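coords_26.tsv follows (TSV, C-alpha atoms):
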```
chain	number	residue	atom	x	y	z
A	1	LYS	CA	0.00	0.00	0.00
A	2	LEU	CA	3.00	2.31	-0.27
A	3	LYS	CA	2.42	5.40	-2.37
A	4	ILE	CA	4.81	6.49	-5.10
A	5	LEU	CA	6.44	9.04	-2.77
A	6	ASP	CA	7.07	6.34	-0.16
A	7	LYS	CA	8.70	4.03	-2.72
A	8	TRP	CA	10.80	6.93	-3.99
A	9	ILE	CA	12.17	8.02	-0.61
A	10	LEU	CA	12.93	4.41	0.37
A	11	SER	CA	14.81	3.96	-2.92
A	12	LYS	CA	16.78	7.13	-2.23
A	13	LEU	CA	17.47	5.98	1.35
A	14	ASN	CA	18.89	2.61	0.30
A	15	ILE	CA	21.02	4.18	-2.42
A	16	LEU	CA	22.31	6.59	0.24
A	17	VAL	CA	23.25	3.71	2.55
A	18	LEU	CA	25.12	1.96	-0.28
A	19	ALA	CA	26.98	5.08	-1.38
A	20	VAL	CA	27.90	6.40	2.08
A	21	THR	CA	29.16	2.95	3.10
A	22	LYS	CA	31.37	2.80	0.01
A	23	PHE	CA	32.79	6.29	0.53
A	24	LEU	CA	33.54	5.64	4.19
A	25	ASP	CA	35.23	2.36	3.29
A	26	ASP	CA	37.42	4.45	0.97
A	27	TYR	CA	38.02	7.05	3.75
A	28	ASP	CA	36.23	9.72	1.70
A	29	ALA	CA	34.09	11.41	4.36
A	30	CYS	CA	33.72	14.58	2.27
A	31	GLN	CA	31.74	12.89	-0.52
A	32	ALA	CA	29.70	10.95	2.03
A	33	THR	CA	28.57	14.14	3.78
A	34	LYS	CA	27.60	15.74	0.46
A	35	LEU	CA	25.32	12.80	-0.31
A	36	ILE	CA	23.74	12.98	3.13
A	37	GLU	CA	23.09	16.70	2.68
A	38	GLU	CA	21.45	16.10	-0.71
A	39	PHE	CA	19.26	13.38	0.77
A	40	VAL	CA	18.11	15.60	3.64
A	41	GLN	CA	17.14	18.26	1.08
A	42	ASP	CA	15.11	15.72	-0.89
A	43	LEU	CA	13.47	14.42	2.26
A	44	SER	CA	12.54	17.88	3.52
A	45	THR	CA	11.65	19.79	0.36
A	46	TRP	CA	9.89	17.01	-1.52
A	47	TYR	CA	8.83	13.99	0.56
A	48	VAL	CA	7.80	15.77	3.76
A	49	ARG	CA	6.35	18.82	1.99
A	50	ARG	CA	4.34	16.73	-0.45
A	51	SER	CA	3.13	14.47	2.38
A	52	ARG	CA	1.81	17.18	4.70
A	53	GLU	CA	-1.81	16.63	3.67
A	54	ARG	CA	-1.43	12.89	4.25
A	55	VAL	CA	-0.55	13.35	7.93
A	56	SER	CA	-2.64	16.41	8.76
A	57	LEU	CA	-5.41	16.19	11.35
A	58	ALA	CA	-7.88	16.93	8.55
A	59	THR	CA	-6.97	13.79	6.58
A	60	GLN	CA	-9.73	11.24	6.07
A	61	ASP	CA	-7.45	8.36	5.05
A	62	LEU	CA	-6.08	7.21	8.40
A	63	GLY	CA	-4.50	4.10	6.89
A	64	ASP	CA	-2.42	6.15	4.49
A	65	ARG	CA	-1.50	8.54	7.31
A	66	ASP	CA	-0.09	5.64	9.33
A	67	ILE	CA	1.85	4.32	6.32
A	68	CYS	CA	3.40	7.74	5.70
A	69	LEU	CA	4.39	8.13	9.36
A	70	SER	CA	5.85	4.61	9.41
A	71	VAL	CA	7.96	5.33	6.33
A	72	LEU	CA	9.16	8.63	7.78
A	73	TYR	CA	9.98	6.89	11.07
A	74	ARG	CA	12.09	4.30	9.25
A	75	VAL	CA	13.87	6.93	7.16
A	76	LEU	CA	14.76	9.04	10.21
A	77	LEU	CA	15.89	5.97	12.11
A	78	VAL	CA	18.31	4.88	9.36
A	79	LEU	CA	19.40	8.47	8.76
A	80	SER	CA	20.27	8.96	12.43
A	81	ARG	CA	22.55	5.90	12.26
A	82	ILE	CA	24.25	7.15	9.10
A	83	LEU	CA	24.70	10.58	10.66
A	84	ALA	CA	26.22	9.21	13.86
A	85	PRO	CA	29.91	9.39	12.77
A	86	PHE	CA	29.44	12.92	11.42
A	87	ASN	CA	27.00	14.56	13.87
A	88	PRO	CA	27.19	12.44	17.03
A	89	PHE	CA	25.05	14.64	19.26
A	90	ILE	CA	22.10	15.46	17.00
A	91	SER	CA	21.98	11.89	15.66
A	92	GLU	CA	21.88	10.69	19.28
A	93	HIS	CA	19.03	13.10	20.04
A	94	ILE	CA	17.00	11.97	17.01
A	95	TYR	CA	17.56	8.27	17.66
A	96	LYS	CA	16.73	8.35	21.39
A	97	ASN	CA	13.73	10.58	20.77
A	98	LEU	CA	12.36	8.10	18.21
A	99	THR	CA	13.16	4.84	19.96
A	100	GLY	CA	13.69	5.48	23.65
A	101	LYS	CA	16.74	3.19	23.44
A	102	GLU	CA	20.13	3.79	25.02
A	103	SER	CA	22.26	5.16	22.19
A	104	VAL	CA	22.58	5.33	18.41
A	105	HIS	CA	26.30	4.68	18.87
A	106	LEU	CA	25.54	1.20	20.20
A	107	THR	CA	23.62	0.16	17.08
A	108	ASP	CA	24.92	-1.60	13.97
A	109	TRP	CA	25.65	0.25	10.75
A	110	PRO	CA	22.54	0.01	8.53
A	111	LYS	CA	22.47	-2.50	5.69
A	112	PRO	CA	20.92	-1.46	2.37
A	113	GLU	CA	17.78	-3.20	1.10
A	114	GLU	CA	18.72	-3.29	-2.56
A	115	ALA	CA	15.40	-4.89	-3.53
A	116	LYS	CA	13.70	-1.59	-2.63
A	117	ILE	CA	15.83	0.46	-5.03
A	118	ASN	CA	13.84	1.53	-8.08
A	119	LYS	CA	16.16	3.43	-10.42
A	120	LYS	CA	13.43	4.09	-13.00
A	121	LEU	CA	11.25	5.71	-10.34
A	122	ILE	CA	14.14	7.93	-9.23
A	123	LYS	CA	14.68	9.02	-12.84
A	124	ASP	CA	10.96	9.66	-13.37
A	125	MET	CA	10.70	11.64	-10.13
A	126	ARG	CA	13.61	13.81	-11.24
A	127	LEU	CA	11.61	14.63	-14.39
A	128	ILE	CA	8.47	15.34	-12.36
A	129	ARG	CA	10.35	17.82	-10.21
A	130	GLN	CA	11.80	19.54	-13.29
A	131	ILE	CA	8.28	19.95	-14.68
A	132	CYS	CA	7.12	21.38	-11.36
A	133	GLU	CA	10.04	23.83	-11.24
A	134	LEU	CA	9.15	25.09	-14.73
A	135	GLY	CA	5.50	25.32	-13.72
A	136	HIS	CA	6.29	27.39	-10.63
A	137	ALA	CA	8.53	29.66	-12.71
A	138	ALA	CA	5.71	30.16	-15.23
A	139	ARG	CA	3.23	30.97	-12.46
A	140	LYS	CA	5.65	33.49	-10.99
A	141	LYS	CA	6.16	35.11	-14.39
A	142	GLU	CA	2.38	35.44	-14.87
A	143	GLY	CA	1.88	36.66	-11.30
A	144	ILE	CA	-0.50	33.80	-10.42
A	145	LYS	CA	-0.13	32.37	-6.90
A	146	VAL	CA	-0.04	28.59	-6.43
A	147	ARG	CA	-3.17	28.85	-4.25
A	148	GLN	CA	-5.11	29.84	-7.37
A	149	PRO	CA	-6.12	26.66	-9.25
A	150	LEU	CA	-5.63	26.61	-13.01
A	151	GLN	CA	-7.47	24.43	-15.49
A	152	SER	CA	-4.58	22.94	-17.45
A	153	ILE	CA	-0.92	22.89	-18.34
A	154	LYS	CA	0.67	21.70	-21.58
A	155	VAL	CA	3.92	19.80	-21.17
A	156	LYS	CA	6.17	19.30	-24.20
A	157	ILE	CA	8.24	16.22	-23.56
A	158	LYS	CA	9.99	13.37	-25.33
A	159	THR	CA	7.85	10.24	-25.65
A	160	LYS	CA	7.60	8.98	-22.10
A	161	LYS	CA	4.97	7.17	-20.08
A	162	LEU	CA	4.34	8.43	-16.57
A	163	SER	CA	2.19	6.67	-13.99
A	164	ARG	CA	-1.06	8.18	-12.74
A	165	GLU	CA	0.48	8.74	-9.31
A	166	LEU	CA	3.35	10.76	-10.78
A	167	ILE	CA	0.93	12.82	-12.88
A	168	GLN	CA	-1.17	13.40	-9.78
A	169	LEU	CA	1.92	14.73	-7.99
A	170	ILE	CA	2.35	17.37	-10.69
A	171	LYS	CA	-1.32	18.34	-10.45
A	172	GLU	CA	-1.14	18.72	-6.68
A	173	GLU	CA	2.20	20.56	-6.65
A	174	LEU	CA	1.16	23.04	-9.36
A	175	ASN	CA	-2.56	23.14	-8.40
A	176	ILE	CA	-3.63	22.15	-11.91
A	177	LYS	CA	-6.77	20.27	-12.94
A	178	GLU	CA	-5.47	18.69	-16.15
A	179	LEU	CA	-2.12	17.84	-17.78
A	180	ILE	CA	-1.79	17.75	-21.56
A	181	PHE	CA	1.33	16.00	-22.84
A	182	LEU	CA	2.76	16.93	-26.24
A	183	LYS	CA	5.78	15.49	-28.02
A	184	GLY	CA	8.80	17.78	-28.06
A	185	LYS	CA	12.57	17.57	-28.25
A	186	GLU	CA	13.12	19.56	-25.07
A	187	LEU	CA	11.11	19.98	-21.91
A	188	LYS	CA	8.78	22.98	-22.06
A	189	ILE	CA	5.53	23.92	-20.36
A	190	GLU	CA	2.66	26.27	-21.16
A	191	LEU	CA	0.07	27.36	-18.60
A	192	ASN	CA	-3.58	27.92	-19.37
A	193	THR	CA	-3.99	31.21	-17.50
A	194	ASN	CA	-7.73	31.57	-18.13
A	195	ILE	CA	-9.29	31.70	-14.66
A	196	THR	CA	-13.00	30.84	-14.76
A	197	PRO	CA	-15.45	32.07	-12.07
A	198	GLN	CA	-15.44	28.57	-10.52
A	199	LEU	CA	-11.63	28.45	-10.39
A	200	LYS	CA	-11.65	31.93	-8.84
A	201	LYS	CA	-14.02	30.73	-6.09
A	202	GLU	CA	-11.78	27.74	-5.37
A	203	GLY	CA	-8.77	30.05	-5.20
A	204	ARG	CA	-10.65	32.29	-2.81
A	205	ALA	CA	-11.42	29.28	-0.60
A	206	ARG	CA	-7.73	28.30	-0.48
A	207	GLU	CA	-6.76	31.87	0.39
A	208	LEU	CA	-9.31	31.89	3.22
A	209	ILE	CA	-7.92	28.60	4.55
A	210	ARG	CA	-4.45	30.16	4.63
A	211	GLN	CA	-5.72	33.27	6.42
A	212	ILE	CA	-7.65	31.22	9.00
A	213	GLN	CA	-4.59	29.05	9.66
A	214	ASN	CA	-2.57	32.21	10.31
A	215	VAL	CA	-5.23	33.45	12.75
A	216	ARG	CA	-5.18	30.05	14.49
A	217	LYS	CA	-1.40	30.28	14.84
A	218	LYS	CA	-1.50	33.81	16.26
A	219	ALA	CA	-4.21	32.75	18.70
A	220	GLY	CA	-1.99	29.94	19.99
A	221	CYS	CA	-4.38	27.14	18.99
A	222	GLN	CA	-3.23	23.58	19.49
A	223	LEU	CA	-2.93	21.49	16.33
A	224	ASP	CA	-6.09	19.57	17.25
A	225	GLN	CA	-8.01	22.58	18.61
A	226	LEU	CA	-11.54	22.94	17.26
A	227	VAL	CA	-12.67	26.48	16.51
A	228	THR	CA	-15.60	28.53	15.34
A	229	VAL	CA	-14.57	30.78	12.47
A	230	PHE	CA	-16.05	34.21	11.80
A	231	LEU	CA	-15.74	35.54	8.22
A	232	PRO	CA	-17.16	38.39	6.15
A	233	ALA	CA	-17.94	35.94	3.31
A	234	TRP	CA	-16.91	32.61	1.84
A	235	PRO	CA	-17.76	30.50	-1.26
A	236	LYS	CA	-20.60	28.27	-0.08
A	237	GLU	CA	-19.69	25.31	-2.32
A	238	PHE	CA	-16.31	25.08	-0.53
A	239	GLU	CA	-17.67	25.52	2.99
A	240	GLU	CA	-17.12	21.90	4.05
A	241	GLU	CA	-13.53	21.92	2.74
A	242	ILE	CA	-12.78	25.16	4.61
A	243	LYS	CA	-14.21	23.68	7.82
A	244	ARG	CA	-12.35	20.38	7.42
A	245	LYS	CA	-8.94	21.91	6.73
A	246	THR	CA	-9.15	24.53	9.50
A	247	LEU	CA	-10.83	22.26	12.11
A	248	ALA	CA	-13.80	24.64	12.18
A	249	ARG	CA	-17.06	23.42	13.69
A	250	GLU	CA	-18.94	26.15	11.91
A	251	LEU	CA	-18.49	29.32	9.88
A	252	LYS	CA	-20.31	32.47	10.96
A	253	LYS	CA	-20.73	35.90	9.46
A	254	ALA	CA	-18.64	38.77	10.84
A	255	LYS	CA	-16.97	41.96	9.64
A	256	ALA	CA	-13.43	40.54	10.00
A	257	ILE	CA	-11.75	37.15	10.23
A	258	LYS	CA	-11.53	35.87	13.79
A	259	ILE	CA	-11.83	32.58	15.64
A	260	GLN	CA	-13.32	31.28	18.86
A	261	LYS	CA	-11.63	28.29	20.47
A	262	GLN	CA	-13.67	25.16	21.17
A	263	MET	CA	-12.85	21.83	22.78
A	264	LYS	CA	-10.10	19.57	21.40
A	265	ILE	CA	-10.79	16.61	19.12
A	266	GLU	CA	-11.44	13.40	21.01
A	267	ASN	CA	-9.07	10.59	19.97
```
Go ahead and express the file in the form of structure tokens.
Amino acid sequence: KLKILDKWILSKLNILVLAVTKFLDDYDACQATKLIEEFVQDLSTWYVRRSRERVSLATQDLGDRDICLSVLYRVLLVLSRILAPFNPFISEHIYKNLTGKESVHLTDWPKPEEAKINKKLIKDMRLIRQICELGHAARKKEGIKVRQPLQSIKVKIKTKKLSRELIQLIKEELNIKELIFLKGKELKIELNTNITPQLKKEGRARELIRQIQNVRKKAGCQLDQLVTVFLPAWPKEFEEEIKRKTLARELKKAKAIKIQKQMKIEN
């Protein structure tokens, strides 16, 4: 039941274990640390960021949430052991915090699970991220925030089949409804910048969610704190989504955005 992101980060993790082991065997700590740094960047800026919705309190798929947390737990556990020779104190803190055991420095060096390495997936994910980078650059050039959904994007690309999960990643990252693939010699993208009234309402809903989350943060709400939200106006067709993502019991009319704290969610 692993998602494509889970398979990707586990592939990257096992490649990291292989490579760092080899470099340390050759007494090349410099190259080993560079690889670890690159992995941490991938983990933080892609896996964790793209998995935030999966582990949020608003998620409705609790099974997938648990899978994501289990994968992240395993990754951090192995990473702490790899980090131990380089950053003994922070690796110790991470390991003991996760496991409650005596010390990371009393554990064995991790062994790679080569069966979990999917080189094609790593290559495909690199392409996906390139497409997303071009998409973000195009949005910035047009002055359209990522919170504003767009109907479609055309992607010129060499003949290549991408799985539905990978295509869905692009849609979610760029907030696009549809991807249109065209054959081309070099990678290029073209945004459909026509914003329909319905897309504008959805963008407004996302902006309201962001504003409410900021108000929650300033009010010192706990992550699982239920609230009543007061708003001047909101798109009615997105009311349930706004409530779900902001842990709002109800939305009420008011002149300005504000919240009223309620009881916490019962586990």
For A:Lys111: contacts at 10 Å, all atoms listed in the file, fewer than 4 positions along chain excluded, given as an MDAnalysis selection string: chainID A and resid 14 17:18 21 78
Figure out the distance between atom CA of A:Glu114 and atom CA of A:Asp61, please, to one decimal in Å.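 Straight-line distance from atom CA of A:Asp61 to atom CA of A:Glu114 works out to 29.6 Å.
Taking atom CA of A:Lys261 as the reference point, atom CA of A:Thr228 is found at 6.5 Å.
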Give me, as a VMD selection string, all polymer residues having an atom no more than 8 Å from A:Glu186, counting only C-alpha atoms and skipping those fewer than 3 positions away in the same chain. chain A and resid 156 to 158
By how many Å are atom CA of A:Glu165 and atom CA of A:Lys3 apart?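 Computing it gives 7.9 Å between the two atoms.
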Residues within 12 Å of A:Ile15, please, as an NGL selection string. Count all atoms listed in the file; anything in the same chain fewer than 6 positions from it doesn't count. :A and (8-9 or 21-22 or 32 or 35-36 or 39 or 110-119 or 122)
Check the smallest atom-to-atom distance from each of A:Ile144, A:Leu247, A:Leu150, A:Leu223 to A:Gln198 using all atoms listed in the file, then report the winner.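 When distances to A:Gln198 are compared using all atoms listed in the file, the smallest one comes from A:Leu150.
The shortest atom-to-atom distance to A:Ile4, with all atoms listed in the file taken into account, belongs to A:Leu162 out of A:Leu162, A:Lys141, A:Trp109, A:Phe23.
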Please identify all polymer residues lying at most 12 Å from the point (10.2, 13.6, -12.8) (file coordinates), using all atoms listed in the file, and present the result as a PyMOL selection string. chain A and resi 4-5+8+46+120-134+157+160-163+165-170+187
Write out as a list in words each polymer residue whose atoms come within 10 Å of A:Leu69, counting all atoms listed in the file; drop sequence neighbours fewer than 4 positions from it. Ser51, Arg54, Val55, Asp64, Arg65, Tyr73, Arg74 and Val75 of chain A
Take the residues that were just selected and, keeping C-alpha atoms, output them as a CSV table (one decimal), in the frame of the given file.
```
chain,number,residue,atom,x,y,z
A,51,SER,CA,3.1,14.5,2.4
A,54,ARG,CA,-1.4,12.9,4.2
A,55,VAL,CA,-0.6,13.4,7.9
A,64,ASP,CA,-2.4,6.2,4.5
A,65,ARG,CA,-1.5,8.5,7.3
A,73,TYR,CA,10.0,6.9,11.1
A,74,ARG,CA,12.1,4.3,9.2
A,75,VAL,CA,13.9,6.9,7.2
```
All residues 10 Å or closer to A:Pro85, all atoms listed in the file, same chain fewer than 4 positions away omitted, as JSON, numbers by chain: {"A": [29, 80, 81, 89, 91, 105]}
For each of A:Lys1, A:Lys96, A:Gln222, A:Lys200, take the minimum atom-to-atom distance to A:Asp66, counting all atoms listed in the file, then give the residue where this is smallest.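 Answer, going by the shortest atom-to-atom distance: A:Lys1.
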